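Trainee: Here it is, the structure in full.
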Number of protein chains: 2
Amino acid sequence: MALIVQKYGGTSVGSTERIKNVARRVAKWKAQGHDVVVVVSAMSGETNRLIALAKDIQEYPDPRELDVVVSTGEQVTIGLLAMALKAIGLDARSYCGWQVKMTTDSAHTKARIQSIDDGAMRADLAEGRVVIVAGFQGVDEQGNITTLGRGGSDTSAVALAAALKADECQIYTDVDGVYTTDPRVVPEARRLKTITFEEMIEMASLGSKVLQIRSVEFAGKYKVRLRVLSSFEDEGEGTLITFEEDESMEKAVVAGIAFDRNEARINVKGVPDRPGIAYQILGPIADANIEVDMIIQNVGENGTTDFSFTVPRGEYQKTLDILREVQTHIGAAKLEGDDKVAKVSIVGVGMRSHCGVASTMFRTLAEEGINIQLITTSEIKVSVLIDEKYLELAVRVLHKAFGLDQAATV
Amino acid sequence: MALIVQKYGGTSVGSTERIKNVARRVAKWKAQGHDVVVVVSAMSGETNRLIALAKDIQEYPDPRELDVVVSTGEQVTIGLLAMALKAIGLDARSYCGWQVKMTTDSAHTKARIQSIDDGAMRADLAEGRVVIVAGFQGVDEQGNITTLGRGGSDTSAVALAAALKADECQIYTDVDGVYTTDPRVVPEARRLKTITFEEMIEMASLGSKVLQIRSVEFAGKYKVRLRVLSSFEDEGEGTLITFEEDESMEKAVVAGIAFDRNEARINVKGVPDRPGIAYQILGPIADANIEVDMIIQNVGENGTTDFSFTVPRGEYQKTLDILREVQTHIGAAKLEGDDKVAKVSIVGVGMRSHCGVASTMFRTLAEEGINIQLITTSEIKVSVLIDEKYLELAVRVLHKAFGLDQAATV
């Protein structure tokens, strides 16, 4: 007898047949005596269809009205799932974001959840009903419909689990858990039974996009027990995301290898080494809403410094254009760049207490003749930027070097 | 400077191009200094698509959840229209039914409006905004989404016009007004410049389905000035539906000829003529949710009576089956019927003060050798049931006999 919040993504509810499958899965949990709250996304393709309609009307759709339009995707799914449950004899009731007072700020298309009213849901659960809530959407203080941004349904699920103090929040997706790396690159990649929140955040932000990163942060903040599972397999425990490092557990030093192809490197060379120079370079780029990822500053020659950073590949040319305009003002000697680069990261909380993880990484890459262009490190990860053409090779050799191919990943 | 409520149906907003056209039309009214509130339906085909999804999940979709699903159709349109208005430089804001507290009873899929909160809308109008409201939908006291039933957007528009005390409620549709009869049957049919509410109600219920009948009743109750216009023509005044007979106006005796092919006749013959017999016959039919239209009871022979009525053609066989079961209990001598019949009606408030309208009708039909099977009359209409094969002929000769071909219909 537990209270479970389950979240099913767009692919899991992508057709009426799949919605019926979700209903059968929910029924199994109910049959075991659990209370179930289900959060669903829009049927796959629906959100894109709605956005296309909006863009056909207005090149940059008004954010408030875009939220009105796209939030209908999830609303359709909640109604259909409630019907599917009723069709197999379970009582169920659907709720839009505004109906459970999923209150957010007013930042349309990327709103943040502030509070939830659990009254109606608790009453339904007490009467044995399955509660179904539309993911991705909320309502602001003024009664305007808001959305949480792409992937926001994960965040909705975690927020509901936190508000209801659920025993577990299960994220059903089209993969059966979090892997040591992408199995398409390394066939030996294995599913992790557990991963810590910190590792998960690093893995997610580095490209293993199983869960929306904000939902993981949210789960960590409210200590929600989070599990990633496959909605297409009946068995399997998925990957449990824990919020505490279990000291007694034998933990692999490195949990996984993440990578990201969507990188372009910019070098600003020979910049006068004076206070505020980083801001002078990155300010105009931030103003243009370009997200900067890795940032490295190195000592150069004769009181100058070399400044490097990475941006999403699609923003490469735009970033160079912006910098050319301010180059004279900054006093930079030279602008360079490369948009054929990729980032590889090793992630693991075990690193904290083990020296030599970074050097193992560097040695392994050197042995394969892979040149490292940039390095950044945090407490639980080391990232390197390399030539894109060596990406698969790098991931494979690192996966092997850290014993991820065979180690019993707990 | 007037306050206008405009309603655009599914065909008028059937594509993004058409939504842009609606925006341009609204802009014209704004440019003339009017305040405009727009009510829209779902894009044509959308409601049917959503219902099909629901039926694919549950043969008889749960009414509460069906309302959750189908109400998304209008929600998409309001957002898109708000964008279209913003794209051409007008300020606009969209509202779902729940956002303007379009409060209804809880009769899902056929709810009735009880009240509207005009606060937010008045504030928007005062700031020069176009207000856009989703038709067809409301919210009950418990916060459940409700819908008003097919065609309910007309009712939404009239209810909003009443709540806002609008100067006029304009219903834009794919016809440019109410005609003396169906132009497909009588090419000489002409558009009426005005029609009274009572005539409109009779015309609508008799098959001239320009407006949902409930919206007309609503308009009559709250004295809303209602106008039917074409959304595809830029000029034209449409047809104004007036709630008072203007005595000073020279009024045609008959406003129009309505007809309905969806009729089947049932005769129950030789029924003992005792109190309660009509209920014994019609009760089981009403219980089966079959709508009975014309009802006639005639004196028969030897203390028996003959009872006739019409039902929608699709319910003909079911009705006969029901009656066969109760025939012995009722003591009816004979059951007969015909599902190849049609109803023709002449409608006009002028009838009240003119004798001989009915006899002109009967004579005209007799001259063409058309046999009348049943007759019913009200103050402003006379309906006859005839063999279906004579329908077009009957409508044509009646249209001519009452001078509708050439009279200046005011």
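In the structure tokens, chains take letters A, B, ... by order of appearance, with residues numbered from 1 within each chain and ligands from 1 in the order shown.
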Which neighbours of Glu263 (chain B) fall inside 7 Å, counting only C-alpha atoms, when residues of the same chain fewer than 3 positions from it are skipped, and could you give them as a PyMOL selection string?
Mentor: chain B and resi 260+310-313+339+341-342
Trainee: Go ahead and save the residues from that selection, with C-alpha atoms, as an mmCIF file, in the first residue's frame.
Mentor:
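The file below, result_17.cif, is the result:
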```cif
data_model
loop_
_atom_site.group_PDB
_atom_site.id
_atom_site.type_symbol
_atom_site.label_atom_id
_atom_site.label_comp_id
_atom_site.auth_asym_id
_atom_site.auth_seq_id
_atom_site.Cartn_x
_atom_site.Cartn_y
_atom_site.Cartn_z
ATOM 1 C CA ASP B 260 -37.566 18.164 -42.986
ATOM 2 C CA THR B 310 -43.534 11.002 -36.288
ATOM 3 C CA VAL B 311 -40.007 10.065 -35.193
ATOM 4 C CA PRO B 312 -36.575 10.610 -36.788
ATOM 5 C CA ARG B 313 -36.203 8.190 -39.674
ATOM 6 C CA ASP B 339 -40.576 5.949 -43.343
ATOM 7 C CA VAL B 341 -42.446 10.784 -45.566
ATOM 8 C CA ALA B 342 -41.397 14.417 -45.213
#
```
Trainee: Hey, list the chain B side of the contact with chain A: 7 Å cut-off, only C-alpha atoms, answer as a PyMOL selection string.
Mentor: chain B and resi 16+53-54+56-58+61-62+65-66+68-69+72+75-76+79-80+82-84+87+99+143
Trainee: Would you kindly return, as a list in words, each protein, DNA or RNA residue with an atom no farther than 12 Å from any atom of Lys381 (chain A), considering only C-alpha atoms and excluding same-chain residues fewer than 6 positions away?
Mentor: Glu198, Glu199, Met200, Ile201, Glu202, Met203, Ser205, Leu206, Val253, Val254, Ala255, Gly256, Ile257, Ala258, Phe259, Val344, Ser345, Ile346, Val347, Gly348, Val349, Gly350, Met351, Arg352, Val357, Ala358, Met361 and Ile375 of chain A
Trainee: How would the residues just chosen look if you wrote them out with N, CA and C atoms as a PDB file, in the first residue's frame?
Mentor:
```pdb
ATOM      1  N   GLU A 198      22.942  13.840  -8.077  1.00  0.00           N
ATOM      2  CA  GLU A 198      24.002  14.691  -8.633  1.00  0.00           C
ATOM      3  C   GLU A 198      24.522  14.125  -9.938  1.00  0.00           C
ATOM      4  N   GLU A 199      24.717  12.801  -9.947  1.00  0.00           N
ATOM      5  CA  GLU A 199      25.185  12.156 -11.168  1.00  0.00           C
ATOM      6  C   GLU A 199      24.148  12.318 -12.277  1.00  0.00           C
ATOM      7  N   MET A 200      22.899  12.127 -11.894  1.00  0.00           N
ATOM      8  CA  MET A 200      21.820  12.216 -12.872  1.00  0.00           C
ATOM      9  C   MET A 200      21.791  13.610 -13.487  1.00  0.00           C
ATOM     10  N   ILE A 201      21.950  14.623 -12.662  1.00  0.00           N
ATOM     11  CA  ILE A 201      21.937  16.002 -13.174  1.00  0.00           C
ATOM     12  C   ILE A 201      23.086  16.196 -14.159  1.00  0.00           C
ATOM     13  N   GLU A 202      24.243  15.677 -13.813  1.00  0.00           N
ATOM     14  CA  GLU A 202      25.374  15.829 -14.729  1.00  0.00           C
ATOM     15  C   GLU A 202      25.145  15.017 -16.000  1.00  0.00           C
ATOM     16  N   MET A 203      24.609  13.818 -15.847  1.00  0.00           N
ATOM     17  CA  MET A 203      24.354  12.983 -17.015  1.00  0.00           C
ATOM     18  C   MET A 203      23.327  13.653 -17.923  1.00  0.00           C
ATOM     19  N   SER A 205      22.370  16.896 -18.114  1.00  0.00           N
ATOM     20  CA  SER A 205      22.804  18.140 -18.742  1.00  0.00           C
ATOM     21  C   SER A 205      23.893  17.874 -19.762  1.00  0.00           C
ATOM     22  N   LEU A 206      24.519  16.728 -19.676  1.00  0.00           N
ATOM     23  CA  LEU A 206      25.589  16.420 -20.610  1.00  0.00           C
ATOM     24  C   LEU A 206      25.102  15.627 -21.805  1.00  0.00           C
ATOM     25  N   VAL A 253      33.386   4.028  -9.204  1.00  0.00           N
ATOM     26  CA  VAL A 253      33.963   5.379  -9.155  1.00  0.00           C
ATOM     27  C   VAL A 253      33.280   6.275 -10.192  1.00  0.00           C
ATOM     28  N   VAL A 254      33.146   5.721 -11.391  1.00  0.00           N
ATOM     29  CA  VAL A 254      32.494   6.475 -12.466  1.00  0.00           C
ATOM     30  C   VAL A 254      31.157   5.800 -12.776  1.00  0.00           C
ATOM     31  N   ALA A 255      30.079   6.581 -12.795  1.00  0.00           N
ATOM     32  CA  ALA A 255      28.752   6.022 -13.064  1.00  0.00           C
ATOM     33  C   ALA A 255      28.506   5.878 -14.551  1.00  0.00           C
ATOM     34  N   GLY A 256      28.996   6.843 -15.320  1.00  0.00           N
ATOM     35  CA  GLY A 256      28.720   6.758 -16.742  1.00  0.00           C
ATOM     36  C   GLY A 256      29.503   7.770 -17.557  1.00  0.00           C
ATOM     37  N   ILE A 257      29.391   7.586 -18.850  1.00  0.00           N
ATOM     38  CA  ILE A 257      30.067   8.474 -19.798  1.00  0.00           C
ATOM     39  C   ILE A 257      28.994   9.213 -20.593  1.00  0.00           C
ATOM     40  N   ALA A 258      28.994  10.514 -20.459  1.00  0.00           N
ATOM     41  CA  ALA A 258      28.030  11.307 -21.220  1.00  0.00           C
ATOM     42  C   ALA A 258      28.764  12.021 -22.342  1.00  0.00           C
ATOM     43  N   PHE A 259      28.003  12.383 -23.384  1.00  0.00           N
ATOM     44  CA  PHE A 259      28.647  13.128 -24.464  1.00  0.00           C
ATOM     45  C   PHE A 259      27.639  14.028 -25.155  1.00  0.00           C
ATOM     46  N   VAL A 344      32.992  15.122 -24.203  1.00  0.00           N
ATOM     47  CA  VAL A 344      32.852  13.827 -23.539  1.00  0.00           C
ATOM     48  C   VAL A 344      33.090  14.052 -22.055  1.00  0.00           C
ATOM     49  N   SER A 345      32.222  13.455 -21.222  1.00  0.00           N
ATOM     50  CA  SER A 345      32.347  13.655 -19.783  1.00  0.00           C
ATOM     51  C   SER A 345      32.275  12.334 -19.046  1.00  0.00           C
ATOM     52  N   ILE A 346      33.106  12.204 -18.027  1.00  0.00           N
ATOM     53  CA  ILE A 346      32.924  11.075 -17.114  1.00  0.00           C
ATOM     54  C   ILE A 346      32.273  11.632 -15.852  1.00  0.00           C
ATOM     55  N   VAL A 347      31.275  10.902 -15.349  1.00  0.00           N
ATOM     56  CA  VAL A 347      30.462  11.390 -14.236  1.00  0.00           C
ATOM     57  C   VAL A 347      30.429  10.334 -13.143  1.00  0.00           C
ATOM     58  N   GLY A 348      30.571  10.754 -11.891  1.00  0.00           N
ATOM     59  CA  GLY A 348      30.448   9.799 -10.795  1.00  0.00           C
ATOM     60  C   GLY A 348      30.750  10.436  -9.456  1.00  0.00           C
ATOM     61  N   VAL A 349      29.867  10.196  -8.472  1.00  0.00           N
ATOM     62  CA  VAL A 349      30.127  10.762  -7.151  1.00  0.00           C
ATOM     63  C   VAL A 349      31.352  10.115  -6.520  1.00  0.00           C
ATOM     64  N   GLY A 350      31.704   8.910  -6.987  1.00  0.00           N
ATOM     65  CA  GLY A 350      32.870   8.206  -6.472  1.00  0.00           C
ATOM     66  C   GLY A 350      34.171   8.955  -6.687  1.00  0.00           C
ATOM     67  N   MET A 351      34.181   9.821  -7.670  1.00  0.00           N
ATOM     68  CA  MET A 351      35.375  10.618  -7.970  1.00  0.00           C
ATOM     69  C   MET A 351      35.883  11.427  -6.797  1.00  0.00           C
ATOM     70  N   ARG A 352      34.928  11.899  -6.006  1.00  0.00           N
ATOM     71  CA  ARG A 352      35.276  12.764  -4.877  1.00  0.00           C
ATOM     72  C   ARG A 352      36.364  12.160  -4.004  1.00  0.00           C
ATOM     73  N   VAL A 357      41.184   9.833 -11.232  1.00  0.00           N
ATOM     74  CA  VAL A 357      40.152   9.576 -12.219  1.00  0.00           C
ATOM     75  C   VAL A 357      40.424  10.401 -13.471  1.00  0.00           C
ATOM     76  N   ALA A 358      40.710  11.692 -13.261  1.00  0.00           N
ATOM     77  CA  ALA A 358      40.972  12.579 -14.400  1.00  0.00           C
ATOM     78  C   ALA A 358      42.187  12.093 -15.179  1.00  0.00           C
ATOM     79  N   MET A 361      41.506   9.254 -17.385  1.00  0.00           N
ATOM     80  CA  MET A 361      40.792   9.724 -18.570  1.00  0.00           C
ATOM     81  C   MET A 361      41.764  10.278 -19.606  1.00  0.00           C
ATOM     82  N   ILE A 375      39.421  21.437 -21.187  1.00  0.00           N
ATOM     83  CA  ILE A 375      39.061  20.586 -20.041  1.00  0.00           C
ATOM     84  C   ILE A 375      38.298  21.432 -19.040  1.00  0.00           C
TER      85      ILE A 375
END
```
Trainee: Which residues, written as a VMD selection string, have at least one atom at most 12 Å from Glu235 (chain B), with only C-alpha atoms counted and residues fewer than 6 positions away on the same chain left out?
Mentor: chain B and resid 25 176 229
Trainee: The selected residues should be written to file as a compact mmCIF listing (two decimals), in the first residue's frame (atoms: all heavy atoms).
Mentor:
```
# COMPACT_ATOMS: atom_id res chain seq x y z
N ARG B 25 -11.42 40.87 -40.35
CA ARG B 25 -12.80 41.33 -40.23
C ARG B 25 -13.02 42.02 -38.88
O ARG B 25 -13.65 43.08 -38.79
CB ARG B 25 -13.76 40.14 -40.38
CG ARG B 25 -15.21 40.50 -40.45
CD ARG B 25 -16.06 39.26 -40.66
NE ARG B 25 -15.84 38.69 -41.98
CZ ARG B 25 -16.53 39.03 -43.07
NH1 ARG B 25 -17.47 39.96 -42.97
NH2 ARG B 25 -16.29 38.48 -44.23
N ASP B 176 -25.39 33.57 -45.92
CA ASP B 176 -25.40 35.01 -45.68
C ASP B 176 -26.69 35.49 -45.05
O ASP B 176 -26.97 36.69 -45.05
CB ASP B 176 -25.09 35.77 -46.98
CG ASP B 176 -26.18 35.61 -48.01
OD1 ASP B 176 -27.06 34.74 -47.81
OD2 ASP B 176 -26.18 36.34 -49.01
N LEU B 229 -24.91 36.49 -40.43
CA LEU B 229 -24.14 37.06 -41.54
C LEU B 229 -23.22 36.00 -42.14
O LEU B 229 -22.88 35.03 -41.48
CB LEU B 229 -23.24 38.20 -41.02
CG LEU B 229 -23.90 39.46 -40.48
CD1 LEU B 229 -23.06 40.02 -39.34
CD2 LEU B 229 -24.04 40.48 -41.59
```
Trainee: Please identify which residues in region 36-220 of chain B DSSP calls alpha helix (DSSP H) from the backbone, and express them as a PyMOL selection string.
Mentor: chain B and resi 46-57+63-70+72-87+119-126+152-164+197-205+213-220
Trainee: I'd like to know which of A:Thr242, A:Ser383, A:Thr180, A:Asn289 is closest to Phe197 (chain A), using only C-alpha atoms.
Mentor: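 Looking only at the distances to Phe197 (chain A), the closest residue turns out to be A:Thr242.
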Trainee: Between A:Ile113, A:Leu335, A:Val26, A:Ala394, single out the one closest to Thr364 (chain A), counting only C-alpha atoms.
Mentor: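 Nearest to Thr364 (chain A): A:Ala394.
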Trainee: Among region 56-164 of chain B, which ones does DSSP place in strand (DSSP E), written as a compact mmCIF listing (two decimals) with N, CA, C and O atoms, in the first residue's frame?
Mentor:
```
# COMPACT_ATOMS: atom_id res chain seq x y z
N ALA B 92 -5.21 41.78 -27.97
CA ALA B 92 -6.29 40.80 -27.80
C ALA B 92 -5.94 39.86 -26.67
O ALA B 92 -4.76 39.70 -26.33
N ARG B 93 -6.96 39.26 -26.09
CA ARG B 93 -6.71 38.26 -25.04
C ARG B 93 -7.78 37.18 -25.11
O ARG B 93 -8.95 37.48 -25.30
N SER B 94 -7.34 35.94 -24.98
CA SER B 94 -8.27 34.82 -25.12
C SER B 94 -8.69 34.30 -23.75
O SER B 94 -7.95 34.40 -22.77
N TYR B 95 -9.89 33.76 -23.69
CA TYR B 95 -10.42 33.19 -22.46
C TYR B 95 -11.12 31.85 -22.73
O TYR B 95 -11.97 31.76 -23.62
N THR B 103 -20.44 29.83 -16.01
CA THR B 103 -20.92 28.77 -15.12
C THR B 103 -22.16 28.09 -15.70
O THR B 103 -23.08 28.75 -16.16
N THR B 104 -22.13 26.77 -15.68
CA THR B 104 -23.25 25.98 -16.20
C THR B 104 -23.70 24.99 -15.14
O THR B 104 -23.05 24.84 -14.10
N ILE B 113 -26.08 27.25 -19.51
CA ILE B 113 -25.39 28.38 -18.88
C ILE B 113 -26.24 28.98 -17.77
O ILE B 113 -27.44 29.17 -17.93
N GLN B 114 -25.58 29.27 -16.64
CA GLN B 114 -26.29 29.89 -15.52
C GLN B 114 -25.83 31.31 -15.28
O GLN B 114 -26.64 32.18 -14.97
N SER B 115 -24.54 31.56 -15.39
CA SER B 115 -24.06 32.93 -15.15
C SER B 115 -22.69 33.12 -15.79
O SER B 115 -22.01 32.15 -16.13
N VAL B 130 -9.33 43.38 -27.86
CA VAL B 130 -10.36 42.48 -28.37
C VAL B 130 -10.40 41.28 -27.42
O VAL B 130 -9.36 40.73 -27.07
N VAL B 131 -11.60 40.94 -26.99
CA VAL B 131 -11.76 39.80 -26.08
C VAL B 131 -12.20 38.59 -26.90
O VAL B 131 -13.12 38.70 -27.71
N ILE B 132 -11.52 37.47 -26.71
CA ILE B 132 -11.87 36.25 -27.45
C ILE B 132 -12.27 35.18 -26.45
O ILE B 132 -11.52 34.90 -25.51
N VAL B 133 -13.44 34.60 -26.63
CA VAL B 133 -13.94 33.61 -25.69
C VAL B 133 -14.22 32.30 -26.43
O VAL B 133 -14.77 32.30 -27.53
N ALA B 134 -13.83 31.20 -25.82
CA ALA B 134 -14.09 29.88 -26.39
C ALA B 134 -15.58 29.59 -26.31
O ALA B 134 -16.18 29.66 -25.23
N GLN B 137 -18.26 25.93 -24.41
CA GLN B 137 -17.76 25.34 -23.16
C GLN B 137 -18.04 26.20 -21.94
O GLN B 137 -18.18 27.41 -22.04
N GLY B 138 -18.12 25.55 -20.80
CA GLY B 138 -18.31 26.26 -19.55
C GLY B 138 -17.65 25.49 -18.42
O GLY B 138 -16.78 24.64 -18.66
N VAL B 139 -18.05 25.81 -17.21
CA VAL B 139 -17.47 25.15 -16.04
C VAL B 139 -18.59 25.06 -15.01
O VAL B 139 -19.41 25.99 -14.90
N ILE B 145 -15.06 20.90 -16.29
CA ILE B 145 -15.31 21.47 -17.61
C ILE B 145 -16.60 20.87 -18.17
O ILE B 145 -16.81 19.66 -18.09
N THR B 146 -17.45 21.71 -18.72
CA THR B 146 -18.69 21.24 -19.33
C THR B 146 -18.76 21.74 -20.77
O THR B 146 -18.05 22.67 -21.14
N THR B 147 -19.60 21.10 -21.58
CA THR B 147 -19.88 21.65 -22.91
C THR B 147 -21.38 21.76 -23.09
O THR B 147 -22.16 21.08 -22.41
```
Trainee: Find the residues near Glu392 (chain A): any atom within 12 Å, counting only C-alpha atoms, skip ones fewer than 6 places away on the same chain, and give them as a ChimeraX atom specification.
Mentor: /A:181-187,257-261,342-344,365,368,370,386,398-399
